[in-house]
>>> print(open('work36.txt').read())   # compact mmCIF, C-alpha atoms
# COMPACT_ATOMS: atom_id res chain seq x y z
CA ASP C 1 98.45 109.75 61.07
CA ALA C 2 99.95 112.89 62.55
CA MET C 3 103.54 113.13 61.52
CA VAL C 4 106.62 115.11 60.54
CA ILE C 5 107.14 115.21 56.78
CA GLN C 6 110.36 116.22 55.07
CA ASN C 7 110.77 117.00 51.40
CA PRO C 8 112.53 116.00 49.35
CA ARG C 9 113.90 112.67 50.65
CA TYR C 10 116.97 113.05 48.45
CA GLN C 11 118.42 116.30 47.17
CA VAL C 12 121.36 116.73 44.86
CA THR C 13 122.79 120.18 44.32
CA GLN C 14 125.87 121.71 42.83
CA PHE C 15 128.69 123.19 44.85
CA GLY C 16 127.72 126.76 45.73
CA LYS C 17 124.14 126.52 44.45
CA PRO C 18 121.53 127.50 47.06
CA VAL C 19 119.21 124.77 48.25
CA THR C 20 116.10 124.71 50.45
CA LEU C 21 114.86 121.76 52.46
CA SER C 22 111.35 121.72 53.86
CA CYS C 23 109.62 120.25 56.87
CA SER C 24 105.95 120.18 57.78
CA GLN C 25 104.15 118.77 60.77
CA THR C 26 100.59 117.86 61.64
CA LEU C 27 101.32 117.43 65.36
CA ASN C 28 100.70 121.12 66.10
CA HIS C 29 103.91 121.16 68.14
CA ASN C 30 105.37 124.46 69.29
CA VAL C 31 109.00 123.53 68.82
CA MET C 32 110.72 122.59 65.56
CA TYR C 33 114.36 121.60 65.21
CA TRP C 34 116.87 121.13 62.42
CA TYR C 35 119.72 118.65 62.85
CA GLN C 36 122.62 117.69 60.63
CA GLN C 37 123.81 114.10 60.77
CA LYS C 38 126.92 112.82 59.03
CA SER C 39 127.80 109.18 58.60
CA SER C 40 128.48 107.33 61.88
CA GLN C 41 127.94 110.51 63.91
CA ALA C 42 125.22 111.63 66.27
CA PRO C 43 122.72 114.24 65.08
CA LYS C 44 124.02 117.77 65.57
CA LEU C 45 121.54 120.53 66.39
CA LEU C 46 121.72 123.47 63.99
CA PHE C 47 118.86 125.61 65.33
CA HIS C 48 115.36 125.45 66.67
CA TYR C 49 112.20 127.51 66.86
CA TYR C 50 110.01 127.81 69.90
CA ASP C 51 106.91 129.11 68.16
CA LYS C 52 108.37 132.08 66.24
CA ASP C 53 111.34 132.51 68.56
CA PHE C 54 114.47 131.49 66.63
CA ASN C 55 117.44 129.96 68.47
CA ASN C 56 120.71 129.48 66.62
CA GLU C 57 123.46 127.20 67.90
CA ALA C 58 126.75 129.05 68.39
CA ASP C 59 128.67 126.78 66.03
CA THR C 60 126.11 126.70 63.22
CA PRO C 61 127.76 128.19 60.11
CA ASP C 62 126.32 131.43 58.74
CA ASN C 63 125.76 129.53 55.51
CA PHE C 64 122.75 127.89 57.16
CA GLN C 65 119.53 129.83 57.61
CA SER C 66 116.03 128.89 58.65
CA ARG C 67 112.49 130.18 58.26
CA ARG C 68 109.29 129.24 60.02
CA PRO C 69 106.41 131.05 58.30
CA ASN C 70 103.75 129.32 60.42
CA THR C 71 103.31 126.59 63.02
CA SER C 72 103.23 123.80 60.47
CA PHE C 73 106.19 124.59 58.25
CA CYS C 74 109.90 125.12 58.70
CA PHE C 75 112.60 125.53 56.06
CA LEU C 76 116.35 125.07 56.03
CA ASP C 77 118.23 127.22 53.53
CA ILE C 78 121.83 126.51 52.66
CA ARG C 79 123.08 129.58 50.84
CA SER C 80 126.28 128.23 49.29
CA PRO C 81 126.64 124.51 49.90
CA GLY C 82 130.13 123.13 50.19
CA LEU C 83 131.26 119.53 49.94
CA GLY C 84 131.35 119.34 53.73
CA ASP C 85 127.63 120.04 53.90
CA ALA C 86 126.74 116.69 52.37
CA ALA C 87 124.78 114.96 55.12
CA MET C 88 121.37 113.80 56.30
CA TYR C 89 119.27 116.74 57.48
CA LEU C 90 116.70 115.87 60.09
CA CYS C 91 113.67 117.89 61.16
CA ALA C 92 112.13 117.16 64.55
CA THR C 93 109.28 118.56 66.60
CA SER C 94 108.26 118.55 70.25
CA SER C 95 105.27 119.96 72.05
CA ARG C 96 107.50 122.02 74.36
CA THR C 97 111.14 122.29 75.36
CA GLY C 98 112.19 119.11 77.09
CA SER C 99 109.44 116.84 75.82
CA PRO C 100 110.21 113.94 73.44
CA GLN C 101 111.25 114.90 69.95
CA HIS C 102 109.76 113.21 66.92
CA PHE C 103 111.80 113.07 63.74
CA GLY C 104 110.85 113.20 60.11
CA ASP C 105 112.35 110.75 57.62
CA GLY C 106 115.18 113.16 56.79
CA THR C 107 116.57 114.63 53.59
CA ARG C 108 119.84 113.23 52.31
CA LEU C 109 121.77 116.04 50.65
CA SER C 110 124.51 115.34 48.11
CA ILE C 111 126.83 118.01 46.70
CA LEU C 112 128.31 117.65 43.21
CA GLN S 1 130.22 120.77 77.83
CA LYS S 2 127.48 118.33 78.63
CA GLU S 3 128.35 114.81 77.56
CA VAL S 4 126.58 111.57 76.90
CA GLU S 5 128.77 108.51 76.57
CA GLN S 6 127.93 105.21 74.95
CA ASN S 7 129.99 102.21 73.99
CA SER S 8 130.00 102.39 70.19
CA GLY S 9 130.11 98.60 69.88
CA PRO S 10 129.35 96.82 67.76
CA LEU S 11 127.40 94.70 70.20
CA SER S 12 126.58 91.31 68.77
CA VAL S 13 124.00 89.03 70.38
CA PRO S 14 122.29 85.83 69.21
CA GLU S 15 118.62 85.83 68.34
CA GLY S 16 116.49 85.37 71.44
CA ALA S 17 119.10 86.73 73.84
CA ILE S 18 118.92 89.88 75.96
CA ALA S 19 120.76 92.87 74.52
CA SER S 20 122.01 95.37 77.12
CA LEU S 21 122.88 98.89 76.02
CA ASN S 22 124.45 101.36 78.41
CA CYS S 23 124.80 105.11 78.62
CA THR S 24 126.36 107.52 81.11
CA TYR S 25 125.84 111.26 81.30
CA SER S 26 127.84 114.03 82.84
CA ASP S 27 125.39 116.44 84.44
CA ARG S 28 123.25 115.80 87.47
CA GLY S 29 120.87 118.50 86.25
CA SER S 30 119.57 116.12 83.60
CA GLN S 31 115.86 115.43 83.83
CA SER S 32 114.73 113.58 80.73
CA PHE S 33 116.24 110.53 79.08
CA PHE S 34 115.43 108.90 75.77
CA TRP S 35 116.41 105.95 73.66
CA TYR S 36 116.18 106.24 69.89
CA ARG S 37 116.62 103.47 67.36
CA GLN S 38 118.14 104.35 64.00
CA TYR S 39 118.27 101.95 61.10
CA SER S 40 120.98 102.54 58.51
CA GLY S 41 120.02 105.44 56.24
CA LYS S 42 116.87 106.22 58.25
CA SER S 43 115.98 108.82 60.85
CA PRO S 44 115.96 108.23 64.62
CA GLU S 45 112.80 106.67 66.02
CA LEU S 46 111.85 107.23 69.66
CA ILE S 47 111.43 103.91 71.44
CA MET S 48 111.62 104.77 75.14
CA SER S 49 111.55 107.79 77.42
CA ILE S 50 112.24 107.72 81.16
CA TYR S 51 112.16 110.51 83.70
CA SER S 52 112.49 108.98 87.18
CA ASN S 53 114.71 106.42 88.86
CA GLY S 54 113.87 102.79 88.33
CA ASP S 55 112.67 100.65 85.47
CA LYS S 56 110.17 101.35 82.71
CA GLU S 57 108.95 98.52 80.54
CA ASP S 58 107.33 98.64 77.12
CA GLY S 59 106.93 95.31 75.41
CA ARG S 60 110.36 93.75 74.90
CA PHE S 61 112.10 96.98 75.92
CA THR S 62 113.05 98.02 79.46
CA ALA S 63 114.73 101.31 80.25
CA GLN S 64 116.56 101.63 83.56
CA LEU S 65 117.58 104.93 85.14
CA ASN S 66 119.93 105.48 88.07
CA LYS S 67 120.39 109.19 88.66
CA ALA S 68 122.83 108.71 91.55
CA SER S 69 125.19 106.82 89.24
CA GLN S 70 124.26 108.99 86.22
CA TYR S 71 123.52 105.90 84.26
CA VAL S 72 120.71 104.87 81.92
CA SER S 73 120.38 101.56 80.14
CA LEU S 74 118.15 99.81 77.65
CA LEU S 75 117.44 96.09 77.75
CA ILE S 76 115.97 94.33 74.74
CA ARG S 77 114.54 90.92 75.57
CA ASP S 78 114.11 88.15 73.00
CA SER S 79 116.28 90.05 70.53
CA GLN S 80 115.31 89.71 66.88
CA PRO S 81 117.36 90.32 63.73
CA SER S 82 115.00 93.25 63.06
CA ASP S 83 116.40 94.90 66.21
CA SER S 84 119.75 95.29 64.46
CA ALA S 85 120.29 99.05 64.36
CA THR S 86 122.15 101.90 66.03
CA TYR S 87 120.70 102.83 69.41
CA LEU S 88 121.12 106.45 70.43
CA CYS S 89 120.92 107.53 74.04
CA ALA S 90 119.76 111.12 74.43
CA VAL S 91 119.53 113.39 77.44
CA ILE S 92 117.86 116.73 78.02
CA TYR S 93 119.64 118.96 80.50
CA PHE S 94 117.77 121.40 82.66
CA SER S 95 120.62 122.67 84.79
CA VAL S 96 120.54 126.41 85.28
CA GLY S 97 122.84 128.40 83.05
CA GLY S 98 124.97 127.32 80.12
CA THR S 99 123.86 126.84 76.56
CA SER S 100 122.57 123.28 76.82
CA TYR S 101 119.36 124.11 78.65
CA GLY S 102 116.44 122.12 77.35
CA LYS S 103 118.36 120.73 74.39
CA LEU S 104 118.64 117.10 73.39
CA THR S 105 122.22 115.85 73.65
CA PHE S 106 122.94 112.56 71.90
CA GLY S 107 125.52 109.92 72.60
CA GLN S 108 127.49 108.55 69.67
CA GLY S 109 125.24 105.50 69.47
CA THR S 110 125.77 101.77 69.95
CA ILE S 111 125.57 99.51 66.92
CA LEU S 112 123.60 96.37 67.77
CA THR S 113 123.72 93.28 65.58
CA VAL S 114 121.37 90.37 66.30
CA HIS S 115 122.47 87.26 64.45
CA PRO S 116 120.18 84.29 63.72
>>> encode(input="work36.txt", output="structure tokens")
Amino acid sequence: DAMVIQNPRYQVTQFGKPVTLSCSQTLNHNVMYWYQQKSSQAPKLLFHYYDKDFNNEADTPDNFQSRRPNTSFCFLDIRSPGLGDAAMYLCATSSRTGSPQHFGDGTRLSIL
Amino acid sequence: QKEVEQNSGPLSVPEGAIASLNCTYSDRGSQSFFWYRQYSGKSPELIMSIYSNGDKEDGRFTAQLNKASQYVSLLIRDSQPSDSATYLCAVIYFSVGGTSYGKLTFGQGTILTVHP
């Protein structure tokens, strides 16, 4: 089945140690999104790509970066994770802006 | 700031009853409306999308949209314990200008519990 795949499902890293989360999709969608979701909160958009066009949210910390080397893959890099970055990170895709978004299973990030 | 408001609940209904989840939104420029279901520790799953006024039915789920009242709802008929989850209302705004164009804005979610 076509889907959005996130790896790893669980990631533990040390305070300040860089970490990379990955997302791949077989839907051939143009748009890919990264969200951060903390407990009992709604998902918060960090950034998105329309094809290769990168769009950063104004309140996304500089500590968060993203790469999209091709249509299928997108990466979230956290350069120096702090305790406040512990959260579920969700990747989503849509065929175009405004169409339904489909989420991967998420990566739960823990910071030691 | 574009807003989507939901009653956080929890909403508790008996098995077999109709669960009614409500959502209001702040901008008349909104064009697309979605309901996502999220089980604890899992990612959101799209269950309904609705784009025009009226009702849209899919199995036990009915989405209702009233753009004049800026109101969207989700009805779950014959509720089952497996429906127990957080339901997220989400809206895409297409009003001209601002930074919310084309982006999915979520409500805080309503926790639904269906008890046997």
>>> interface_residues(input="work36.txt", of="chain C", to="chain S", cutoff="12 Å", atoms="all atoms listed in the file", output="ChimeraX atom specification")
/C:4-6,9-10,31-50,55-59,87-94,96-108
>>> closest_residue(input="work36.txt", among="C:Leu109, C:Val19, C:Ala86, C:Leu27", to="Phe73 of chain C", atoms="all atoms listed in the file")
C:Leu27
>>> atom_distance(input="work36.txt", atom1="atom CA of Ser79 of chain S", atom2="atom CA of Asn66 of chain S")
23.6 Å
>>> atom_distance(input="work36.txt", atom1="atom CA of Asp55 of chain S", atom2="atom CA of Leu75 of chain S")
10.2 Å
>>> atom_distance(input="work36.txt", atom1="atom CA of Cys23 of chain C", atom2="atom CA of Arg79 of chain C")
17.5 Å
>>> residues_around(input="work36.txt", residues="Ser72 of chain C", least_positions_apart="3", cutoff="9 Å", atoms="only C-alpha atoms", output="PyMOL selection string")
chain C and resi 23-29+68-69
>>> write_last_selection(input="work36.txt", atoms="C-alpha atoms", output="short mmCIF file (atom, residue, chain, number, x, y, z; two decimals), in the frame of the given file")
data_model
loop_
_atom_site.label_atom_id
_atom_site.label_comp_id
_atom_site.auth_asym_id
_atom_site.auth_seq_id
_atom_site.Cartn_x
_atom_site.Cartn_y
_atom_site.Cartn_z
CA CYS C 23 109.62 120.25 56.87
CA SER C 24 105.95 120.18 57.78
CA GLN C 25 104.15 118.77 60.77
CA THR C 26 100.59 117.86 61.64
CA LEU C 27 101.32 117.43 65.36
CA ASN C 28 100.70 121.12 66.10
CA HIS C 29 103.91 121.16 68.14
CA ARG C 68 109.29 129.24 60.02
CA PRO C 69 106.41 131.05 58.30
#
>>> residues_around(input="work36.txt", residues="Asp77 of chain C", least_positions_apart="2", cutoff="9 Å", atoms="all atoms listed in the file", output="PDB file with C-alpha atoms, in the coordinates of the input")
ATOM      1  CA  PRO C  18     121.530 127.500  47.060  1.00  0.00           C
ATOM      2  CA  VAL C  19     119.210 124.770  48.250  1.00  0.00           C
ATOM      3  CA  THR C  20     116.100 124.710  50.450  1.00  0.00           C
ATOM      4  CA  LEU C  21     114.860 121.760  52.460  1.00  0.00           C
ATOM      5  CA  SER C  22     111.350 121.720  53.860  1.00  0.00           C
ATOM      6  CA  ASN C  63     125.760 129.530  55.510  1.00  0.00           C
ATOM      7  CA  PHE C  64     122.750 127.890  57.160  1.00  0.00           C
ATOM      8  CA  GLN C  65     119.530 129.830  57.610  1.00  0.00           C
ATOM      9  CA  SER C  66     116.030 128.890  58.650  1.00  0.00           C
ATOM     10  CA  ARG C  67     112.490 130.180  58.260  1.00  0.00           C
ATOM     11  CA  PHE C  75     112.600 125.530  56.060  1.00  0.00           C
ATOM     12  CA  ARG C  79     123.080 129.580  50.840  1.00  0.00           C
TER      13      ARG C  79
END
>>> axis_aligned_box(input="work36.txt", around="segment 44-49 of chain C", padding_each_side="6 Å", output="AutoDock Vina command-line options")
--center_x 118.1 --center_y 122.6 --center_z 65.4 --size_x 23.8 --size_y 21.7 --size_z 14.9
>>> closest_residue(input="work36.txt", among="C:Asn70, C:Pro8, C:Asp62, C:Leu83", to="Leu112 of chain C", atoms="all atoms listed in the file")
C:Leu83
